[in-house]
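**Q** First the structure, then my questions, so here it is.
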Amino acid sequence: MNEFLKELQDSARQVMEGAGTPAKEESTWGQLVELGWLLTAVPEELDGLGLGADALCMLSGELGRNLSEAPFLPAALAIEALVQSGLENKAELLAGLTMGGELATASLAGSDVTASGSGDSLTLNGKLVAVQSADNASQLLVWSNDSQCVALVAADQAAVEAVSRPGWDVTRRLFDVTLNGAAGVALAQGAEAEALVARLLNLRDFAMAADSLGGANALLELTIVHLTDRVQFARPLASFQALKHRCADLKVEIAAAEALLNDSLLKIEGQLGSDDAVFRGKKAKYLASATYSKVAEECLQLSGGIGMASEYPCHLYLKRSMLSEHLGSQGSYEADIAEAFLRQLSI
Amino acid sequence: MNEFLKELQDSARQVMEGAGTPAKEESTWGQLVELGWLLTAVPEELDGLGLGADALCMLSGELGRNLSEAPFLPAALAIEALVQSGLENKAELLAGLTMGGELATASLAGSDVTASGSGDSLTLNGKLVAVQSADNASQLLVWSNDSQCVALVAADQAAVEAVSRPGWDVTRRLFDVTLNGAAGVALAQGAEAEALVARLLNLRDFAMAADSLGGANALLELTIVHLTDRVQFARPLASFQALKHRCADLKVEIAAAEALLNDSLLKIEGQLGSDDAVFRGKKAKYLASATYSKVAEECLQLSGGIGMASEYPCHLYLKRSMLSEHLGSQGSYEADIAEAFLRQLSI
Amino acid sequence: MSSENSTDLLRQEVRAWLQENVPAGWREAMTNVDQELFFEAQRDWFKKLSAAGYATPHWPEGWPGGGRSLAEQKVIYEEVARADAPRLILYFVALYHAACTLMECGSKEQQEKYLPGILNGEIWCQGFSEPNAGSDLASLKTKAERRGDKYIINGQKTWSTMAQYADRCLLLCRTDNSGPPQAGLTYLLLDMKSPGVSVVPIHQITGDDEFAEIFFDDVEVSVDDLVGEEGNGWAVAQATLASERGLTLVELSQRMRYSLSFLAEAMQANGTSEDPVLRRELGNVIARVDGACALADQYLLKRISHQEQVGDASLVKLYYAQALRAYTTLGRKIAGLDGMFDPGFMRGATQETGNWPLDFMNSYNWSIAGGSNEIQRNIISERMLKMPREPKSWKWEGGR
Amino acid sequence: MSSENSTDLLRQEVRAWLQENVPAGWREAMTNVDQELFFEAQRDWFKKLSAAGYATPHWPEGWPGGGRSLAEQKVIYEEVARADAPRLILYFVALYHAACTLMECGSKEQQEKYLPGILNGEIWCQGFSEPNAGSDLASLKTKAERRGDKYIINGQKTWSTMAQYADRCLLLCRTDNSGPPQAGLTYLLLDMKSPGVSVVPIHQITGDDEFAEIFFDDVEVSVDDLVGEEGNGWAVAQATLASERGLTLVELSQRMRYSLSFLAEAMQANGTSEDPVLRRELGNVIARVDGACALADQYLLKRISHQEQVGDASLVKLYYAQALRAYTTLGRKIAGLDGMFDPGFMRGATQETGNWPLDFMNSYNWSIAGGSNEIQRNIISERMLKMPREPKSWKWEGGR
């Protein structure tokens with residue numbers, strides 16, 4: 001991470017720490033808009049900050065640390081899609097989505113949507129799951145299941161129905177969204193759409209990896225404080241070697257996943273969505289998400305009884321890690337990684 | 001284990017401890033013949049001891065403890081096959097194989113043999129791998145790859161070629177055996193052969209499980225002695241909690257695998273080879289073998305430098321455990337267990 | 001008639017009775033219900049079960065349902081698990097911990113006073129753990145001060161199962177600070193309606209609240225309710241803790257085994273049974289669950305034949321906790337993203353609800369409570385494998 | 001020219017040179033060969049590599065091949081790994097441990113006396129570990145007694161790489177018993193041909209014998225061969241141990257990464273690449289190996305920019321050792337029963353021979369030697385995570 005990003009990180013951490021853990025949507029969304037976080041990846045010619053995926057990941061990491069409810073990632077995906085599009089009024093739309101407090105959200109999981117038509121007269125049908133904060137969104141970013149179309153869909157039309165779907169992870173408010181012939185505007189179609197979908201999913205993988213590692217770090221720190229403070233058998237728990245070694249094992253897992261994420265971001269610079277970047281993104285997301293789950297599972301045990309009480313935040317990390325595992329599907333990522341490697345080999 | 005078996009075990013342990021670790025074939029084979037261990041599973045009406053699979057497993061466990069090179073298991077399989085057969089001269093043959101010091105051996109892994117003909121004029125072709133101590137055998141127990149024929153094949157005929165195949169596990173001397181139209185005598189054919197093969201493989205699974213747990217126990221004991229004796233940082237290594245907890249984890253794995261084996265042997269009594277017994281045998285072998293490998297891998301680490309020296313026996317257990325894992329194939333056992341369970345469910 | 005045959009007959013009898021009497025669809029009925037309905041269901045089931053004599057097989061001869069051998073008790077537990085009957089979690093402390101403590105350590109007067117109430121459905125809770133005395137129970141601080149023929153209690157207990165509904169409490173307090181931590185403890189029987197007792201439920205991470213904190217503010221307990229002698233509470237507490245040793249884990253591991261079919265059915269329902277990776281993991285879990293059952297069975301057989309050795313109980317608990325974790329982890333994988341929705345919970349169903357993230361989180365009850373996995377590893381390594389004990393005194397050296 | 005470009009040019013240059021010069025088929029040639037042939041191959045490769053200036057990039061400006069930045073050294077290591085070139089294991093201690101110790105702590109006379117020999121191919125070994133001083137190096141007992149202008153050495157060293165072929169030895173001895181264990185150590189340079197030195201190879205579990213024990217019986221060392229001051233040996237030894245910190249693990253993790261293709265090819269060759277379970281495990285191993293590379297790279301970048309923190313090196317070593325274990329474990333699974341035959345070994349090939357059980361066993365060298373995984377976990381937990389240190393004094397309490 002360069003010096004500029006480190007400074008940005010320091011200030012982001014201060015802001016987020018002020019928001020408490022978990023950081024509620026109502027208290028952070030406005031703030032992060034105001035601070036211009038959504039301008040991160042917008043090019044300078046579009047009045048953005050022109051920063052790369054590494055900046056977006058850094059912010060995702062800070063939001064992950066604080067279990068933020070704010071729909072930063074889907075909003076960033078929608079903005080990225082808009083930036084990449086050739087839409088005429090994109091500057092205007094971007095202004096609303098980056099600094100205007102308007103939210104365009106998206107599914108964090110799969111899409112089962114079909115699109116017909118073209119340009120600004122698309123018709124969309126199907127279902128989106130795990131759409132974050134849909135009730136606060138004016139727009140939805142949607143891609144079709146064949147990746148041939150990426151669209152913006154106004155949320156306030158009758159053909160769009162969002163149903164809240166509460167889940168174990170209370171730090172992200174998810175919705176099922178049904179599109180019954182909803183009208184939409186194409187951001188990309190055909191091969192361009194395919195490339196854009198690859199780019200968006202790639203960005204999602206990196207950001208999810210960062211979110212996971214932010215959470216894993218925060219939880220391990222919290223747990224070590226707990227172990228240090230809690231005395232049993234006239235010793236702090238942190239003095240028991242069996243527990244120390246388990247903390248060390250968690251630390252090393254986090255360190256490796258972080259190194260892989262940072263190294264990948266360095267190496268893909270400017271080539272988000274390329275085969276190589278997609279491969280790297282899957283590895284980074286896989287390792288980070290597996291690490292987050294492992295850390296959360298171990299920390300629940302290391303926290304003992306207090307970890308089982310809802311007032312203590314350990315379970316919030318655990319539940320977020322469990323959800324994140326399924327956003328992108330761990331099992332299939334392992335298979336995808338092997339697949340991509342074997343394919344490279346046979347070239 | 002009943003009192004009688006416990007006494008038998010005590011005396012067996014004494015004998016094996018006298019043979020040293022690893023126990024060489026030349027020093028133990030004669031002894032175990034003399035002690036009548038091969039009579040264990042032979043019915044009393046055939047002048048045997050009439051003991052069950054539990055006795056055979058107990059002895060296998062003791063041989064496993066001492067890393068015995070003696071081909072007890074393949075010999076026991078051949079004797080079991082003979083006992084189950086309707087061969088006219090089986091009493092005579094059994095006398096040679098149980099008390100006469102003659103060895104009939106068998107493959108500990110798969111068979112790729114075809115058989116034609118019937119009765120005492122079989123012709124066998126194909127290859128056997130992992131045949132133990134074939135150079136000392138007068139007979140080979142062979143089953144065809146379609147399980148339609150189980151045969152005894154004289155080892156001294158020109159059509160039988162045994163080639164030594166040294167491996168990492170030096171505690172079992174293995175051979176590849178080629179049958180080029182070898183003559184054989186059928187012990188069972190057709191449905192009877194199928195049942196007999198199931199019975200033999202089932203017995204092999206249980207005995208391998210016992211061998212594995214004997215080894216796992218001995219190695220954990222050895223390792224704890226090492227940790228207790230070795231002082232670093234002015235403390236015995238055994239006083240470090242991180243190491244203590246790892247030893248406890250190994251102990252509990254062994255205890256569960258042992259309990260499963262013993263429970264299975266109790267429950268299948270007299271029904272070796274039945275679907276239920278085969279299912280139980282696979283579970284017992286799977287858990288025992290996975291446990292042995294885990295114990296051996298951990299103990300190598302816990303032994304530190306000394307474990308890497310060939311003079312210290314830790315590696316012998318490790319190598320035996322690695323070989324045992326592949327005798328019966330761990331991976332496919334997991335799948336087999338699931339398969340059998342799902343099948344039961346759909347009945 | 002051999003004892004083998006006698007347990008066989010009992011098994012048939014219990015199985016037939018359960019087949020007729022287990023409330024159909026109790027799992028569904030207990031999903032997201034309020035406490036009141038749950039209580040009613042527990043009360044009904046308790047009445048049925050005790051009328052049949054299956055609620056108190058571990059009580060001595062002479063009591064209704066009592067006088068069963070351990071082997072017979074095991075049969076009843078196995079059949080209850082096999083029939084997937086509800087667990088009597090509301091009465092468990094009363095029927096086991098309270099009753100066994102009273103029978104083993106209580107005075108004749110105490111037995112006559114309290115045992116009939118237990119049979120009548122009085123609810124008891126256990127007041128042992130404190131916020132700073134979990135794994136290290138002996139360090140507890142709740143104070144009992146003798147004043148005339150009363151003890152005056154001040155302090156706090158935590159993680160007390162169902163304390164908010166309990167009529168009485170098995171209370172372990174400190175009466176003396178001068179000796180080593182295990183000395184100076186005293187065991188009392190407390191009426192939960194006494195002035196100065198307040199109970200606050202603990203909101204659990206699963207959404208349930210089956211545990212509670214109990215606060216004591218100058219609560220009075222008559223010396224008639226002292227169990228054993230003052231200062232001898234640690235020994236009495238051991239009797240309480242041993243009261244269900246072995247049996248509970250036989251039942252729970254059998255329940256886990258029978259519920260493997262839920263897992264397999266869930267796999268078949270969503271197609272993951274065709275995934276070779278998840279299939280193999282299922283194979284692994286089946287073997288481990290069977291291992292847990294075999295280990296629990298073997299332990300009980302050892303107890304029956306008086307061959308129990310130190311550490312044996314720890315092996316059973318540790319392996320069970322780990323198998324349960326593996327089992328519920330596979331459940332989570334199978335449920336996938338869908339499993340992450342619907343945070344509904346099911347009262348009194350322990351681990352086998354089929355809501356896998358819930359079951360997974362509940363599995364930590366077994367690795368943390370009642371002696372954490374770490375405590376079990378200490379016991380196994382030190383007392384079974386004879387590795388050196390952790391130092392009794394510890395000095396912070398170096399520092400942060 | 002930016003430094004980015006300068007390393008790019010170096011990379012091209014090294015890559016081209018390696019393409020022409022790596023001995024074709026050296027792996028096959030080194031399988032089951034006797035020591036002599038192996039030596040010859042090592043000598044040839046050393047000559048070639050040092051002639052090209054790639055054997056001593058870490059030496060200071062002025063020495064042949066020297067004066068390279070850490071970034072440039074990293075490039076050379078990466079390319080050597082990428083080209084799957086032989087490792088210079090016979091000369092490694094001389095080129096790194098001995099040379100760096102001399103340059104950092106040696107006198108001008110010692111540098112002039114020994115460095116040219118190292119460039120000429122003298123073989124050095126390291127005499128640190130003892131049978132009772134492995135993880136706890138500071139407790140070593142080999143005694144050096146000052147008599148006039150000589151030290152008289154008595155004692156024993158073990159696990160000394162290639163000691164049986166070494167010309168000289170970096171020897172850490174005890175000259176004083178009175179203080180804490182790390183004090184009273186003294187660092188000497190020993191001629192292995194001195195009277196009283198005897199070397200016994202250690203037969204390893206892999207069939208190899210790259211380590212040896214060294215015995216000292218009244219061996220004389222001149223005070224001219226004292227490095228630093230008497231009693232200051234611990235500090236000098238730290239310089240030795242730090243001499244290759246980071247670089248070796250960059251090379252080894254890169255080698256592991258490039259050799260993933262062996263694993264995948266082996267899977268394709270025996271059809272296991274179609275097994276969905278093994279495929280997913282391959283996916284897992286790939287991610288971990290990449291993680292190990294990234295962590296090693298990041299560590300070296302931190303060193304280059306002087307941002308190294310205590311514990312960083314431990315993270316790299318521990319993760320590498322674990323990734324290597326996972327990688328070779330998968331290899332074992334892929335090889336199956338076939339892999340259990342053919343115990344042939346390959347000299348100087350470290351972990352990536354494709355003989356998976358061999359590679360698996362060799363992976364323990366990285367989890368045991370050079371600070372075991374357990375020592376790394378101590379360092380990480382105590383010095384990085386600031387958890388309390390293990391007590392410095394320990395009393396056996398209770399007992400067996």
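By convention here, the chains of the structure tokens are called A, B, ... in the order presented, each chain's residues are numbered starting at 1, and ligands are numbered starting at 1 in the order presented.
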Determine which residues of stretch 93-133 of chain B receive a DSSP assignment of strand (DSSP E or B), computed from the backbone, and state them as a list in words.
**A**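 These are the residues in question: Ala104, Thr105, Ala106, Ser107, Ser111, Asp112, Val113, Thr114, Ala115, Ser116, Gly117, Ser118, Ser121, Leu122, Thr123, Leu124, Asn125, Gly126, Lys127, Leu128, Val129, Ala130, Val131 and Gln132 of chain B.
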**Q** Pull out every residue of chain B that has at least one atom within 12 Å of chain A, counting only C-alpha atoms, and report them as a list in words.
**A** Ser239, Phe240, Gln241, Ala242, Leu243, Lys244, His245, Arg246, Cys247, Ala248 and Asp249 of chain B
**Q** What are the residues of chain C lining chain A at 9 Å or less? Count only C-alpha atoms, and put the answer as a PyMOL selection string.
**A** chain C and resi 131-139+159+202-207+277+332-333+336-337+339-343+357-358+361-362+364-365+367-369+372-374+392-396
**Q** For the selection you just gave me, I'd like the residues written to a file as a short mmCIF file (atom, residue, chain, number, x, y, z; two decimals), in the first residue's frame, keeping C-alpha atoms.
**A**
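Contents of the output file out.cif:
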data_model
loop_
_atom_site.label_atom_id
_atom_site.label_comp_id
_atom_site.auth_asym_id
_atom_site.auth_seq_id
_atom_site.Cartn_x
_atom_site.Cartn_y
_atom_site.Cartn_z
CA PRO C 131 -18.72 -14.33 35.17
CA ASN C 132 -15.15 -14.82 36.40
CA ALA C 133 -15.41 -18.48 37.30
CA GLY C 134 -16.12 -20.52 34.21
CA SER C 135 -13.43 -23.03 33.42
CA ASP C 136 -11.94 -22.21 36.80
CA LEU C 137 -15.05 -22.96 38.81
CA ALA C 138 -13.20 -23.19 42.12
CA SER C 139 -12.49 -19.47 42.00
CA TRP C 159 -25.03 -19.41 32.32
CA ILE C 202 -28.94 -14.07 28.48
CA HIS C 203 -29.69 -13.34 24.86
CA GLN C 204 -27.79 -15.96 22.94
CA ILE C 205 -26.26 -15.66 19.54
CA THR C 206 -28.79 -18.14 18.23
CA GLY C 207 -31.75 -15.96 19.22
CA VAL C 277 -16.90 -33.74 -2.55
CA ARG C 332 -23.85 -25.53 6.69
CA LYS C 333 -22.06 -26.40 3.47
CA GLY C 336 -25.29 -23.03 1.22
CA LEU C 337 -26.55 -19.50 0.80
CA GLY C 339 -29.18 -21.65 4.95
CA MET C 340 -28.02 -18.14 5.75
CA PHE C 341 -31.58 -16.87 5.69
CA ASP C 342 -34.36 -17.77 8.13
CA PRO C 343 -32.83 -17.25 11.52
CA PRO C 357 -26.17 -22.43 10.98
CA LEU C 358 -28.23 -22.60 14.19
CA MET C 361 -23.64 -22.37 16.64
CA ASN C 362 -25.33 -24.55 19.23
CA TYR C 364 -20.34 -24.60 20.70
CA ASN C 365 -22.40 -25.28 23.81
CA SER C 367 -17.19 -27.40 23.25
CA ILE C 368 -17.42 -24.56 25.78
CA ALA C 369 -19.85 -25.42 28.57
CA SER C 372 -14.46 -26.64 27.57
CA ASN C 373 -12.53 -28.65 25.02
CA GLU C 374 -9.41 -27.01 26.40
CA LYS C 392 -0.33 -23.91 39.99
CA SER C 393 1.23 -20.53 40.39
CA TRP C 394 2.11 -18.30 37.52
CA LYS C 395 4.11 -15.14 37.30
CA TRP C 396 3.88 -12.68 34.43
#
**Q** Going by DSSP on the backbone, which bits of stretch 185-250 of chain A are alpha helix (DSSP H)? Write them as number ranges by chain, please.
**A** A: 190-229, 241-250
**Q** Name the residues in contact with D:Gly66 at a cut-off of 10 Å, using only C-alpha atoms, excluding same-chain residues fewer than 2 positions from it; report them as a ChimeraX atom specification.
**A** /D:53-64,68-69,73
**Q** Using N, CA, C and O atoms, can you write the selected residues to a file as a JSON list (two decimals), in the first residue's frame?
**A**
[["chain", "number", "residue", "atom", "x", "y", "z"],
["D", 53, "GLY", "N", 28.39, -14.53, -12.18],
["D", 53, "GLY", "CA", 28.15, -13.51, -11.16],
["D", 53, "GLY", "C", 26.84, -13.70, -10.42],
["D", 53, "GLY", "O", 26.42, -12.82, -9.67],
["D", 54, "TYR", "N", 26.21, -14.86, -10.58],
["D", 54, "TYR", "CA", 24.91, -15.05, -9.94],
["D", 54, "TYR", "C", 24.98, -15.84, -8.64],
["D", 54, "TYR", "O", 23.97, -16.12, -8.01],
["D", 55, "ALA", "N", 26.19, -16.23, -8.24],
["D", 55, "ALA", "CA", 26.30, -16.99, -6.99],
["D", 55, "ALA", "C", 26.45, -16.07, -5.78],
["D", 55, "ALA", "O", 26.19, -16.47, -4.65],
["D", 56, "THR", "N", 26.90, -14.86, -6.01],
["D", 56, "THR", "CA", 27.22, -13.96, -4.90],
["D", 56, "THR", "C", 26.60, -12.57, -5.03],
["D", 56, "THR", "O", 27.23, -11.56, -4.71],
["D", 57, "PRO", "N", 25.36, -12.51, -5.47],
["D", 57, "PRO", "CA", 24.75, -11.19, -5.64],
["D", 57, "PRO", "C", 24.60, -10.44, -4.32],
["D", 57, "PRO", "O", 24.44, -9.22, -4.31],
["D", 58, "HIS", "N", 24.62, -11.18, -3.22],
["D", 58, "HIS", "CA", 24.42, -10.56, -1.90],
["D", 58, "HIS", "C", 25.74, -10.09, -1.30],
["D", 58, "HIS", "O", 25.75, -9.52, -0.23],
["D", 59, "TRP", "N", 26.86, -10.36, -1.97],
["D", 59, "TRP", "CA", 28.15, -9.88, -1.46],
["D", 59, "TRP", "C", 28.28, -8.38, -1.76],
["D", 59, "TRP", "O", 27.65, -7.87, -2.68],
["D", 60, "PRO", "N", 29.11, -7.71, -0.98],
["D", 60, "PRO", "CA", 29.23, -6.25, -1.17],
["D", 60, "PRO", "C", 29.87, -5.89, -2.51],
["D", 60, "PRO", "O", 30.51, -6.74, -3.14],
["D", 61, "GLU", "N", 29.65, -4.68, -2.88],
["D", 61, "GLU", "CA", 30.32, -4.08, -4.04],
["D", 61, "GLU", "C", 31.81, -4.38, -3.94],
["D", 61, "GLU", "O", 32.40, -4.35, -2.84],
["D", 62, "GLY", "N", 32.43, -4.67, -5.07],
["D", 62, "GLY", "CA", 33.86, -4.93, -5.05],
["D", 62, "GLY", "C", 34.19, -6.39, -5.17],
["D", 62, "GLY", "O", 35.23, -6.76, -5.70],
["D", 63, "TRP", "N", 33.32, -7.23, -4.68],
["D", 63, "TRP", "CA", 33.51, -8.67, -4.85],
["D", 63, "TRP", "C", 32.88, -9.10, -6.16],
["D", 63, "TRP", "O", 31.91, -8.50, -6.62],
["D", 64, "PRO", "N", 33.42, -10.17, -6.74],
["D", 64, "PRO", "CA", 32.83, -10.64, -8.00],
["D", 64, "PRO", "C", 31.34, -10.94, -7.82],
["D", 64, "PRO", "O", 30.98, -11.65, -6.88],
["D", 68, "ARG", "N", 24.72, -6.19, -5.45],
["D", 68, "ARG", "CA", 23.34, -6.15, -5.93],
["D", 68, "ARG", "C", 22.40, -5.68, -4.82],
["D", 68, "ARG", "O", 22.58, -6.03, -3.66],
["D", 69, "SER", "N", 21.38, -4.96, -5.20],
["D", 69, "SER", "CA", 20.36, -4.59, -4.22],
["D", 69, "SER", "C", 19.53, -5.82, -3.87],
["D", 69, "SER", "O", 19.54, -6.81, -4.60],
["D", 73, "GLN", "N", 18.66, -9.12, -6.02],
["D", 73, "GLN", "CA", 18.86, -10.48, -5.53],
["D", 73, "GLN", "C", 17.57, -11.29, -5.67],
["D", 73, "GLN", "O", 17.57, -12.45, -6.05]]
**Q** Name the closest residue to chain C among the candidates D:Glu229, D:Glu382, D:Asp218, D:Glu265; distances are taken between atoms, counting only C-alpha atoms.
**A** D:Glu382
**Q** So how far away is atom CA of C:Asp338 from atom CA of A:Asp176, in Å?
**A** 11.7 Å
**Q** Need the shell around stretch 232-247 of chain C: protein/DNA/RNA residues with any atom at most 8 Å away, counting only C-alpha atoms. Skip same-chain ones fewer than 3 positions apart. Format as a VMD selection string?
**A** chain C and resid 73 to 74 77 96 to 98 100 to 101 104 to 105 138 172 to 173 182 to 187 227 to 229 250 to 251 296 299 to 300 313
**Q** Tell me which protein, DNA and RNA residues are within 9 Å of D:Met256, counting only C-alpha atoms, leaving out same-chain ones fewer than 5 positions away, and put them as a list in words.
**A**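 The residues satisfying every condition are Ala81, Glu251, Val289, Cys293, Leu324, Tyr327, Gln351 and Glu352 of chain D.
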**Q** Give me the residues near B:Lys127 as a list in words, where near means some atom within 8 Å (using only C-alpha atoms) and where sequence neighbours in that chain fewer than 3 positions away do not count.
**A** Ser111, Asp112, Val113, Asp176, Val177, Thr178 and Leu179 of chain B
**Q** Taking only C-alpha atoms into account, name the residue in D:Leu315, D:Leu188, D:Ala41, D:Val285 that is nearest to D:Asp224.
**A** D:Leu188
**Q** Near B:Leu77, counting only C-alpha atoms, which residues have an atom at most 8 Å away, once you skip same-chain residues fewer than 4 positions from it, shown as a list in words?
**A**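 Surrounding residues, per the criterion: Leu73, Ala81, Thr105, Ala106, Leu141, Leu200, Leu203 and Arg204 of chain B.
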**Q** Smallest atom-to-atom distance to chain C: which of D:Arg11, D:Arg168, D:Lys150, D:Arg383, using only C-alpha atoms?
**A** D:Arg383
**Q** May I ask for the distance between atom CA of A:Thr40 and atom CA of A:Ala23, given in Å to one decimal place?
**A**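 One can read the atom CA of A:Thr40 to atom CA of A:Ala23 distance as 20.5 Å.
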**Q** Go through C:Ile286, C:Cys169, C:Leu278, C:Ala326 one by one, measure the shortest atom-to-atom distance of each to chain D using only C-alpha atoms, and give the residue with the smallest value.
**A**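 Using only C-alpha atoms, chain D sits closest to C:Leu278.
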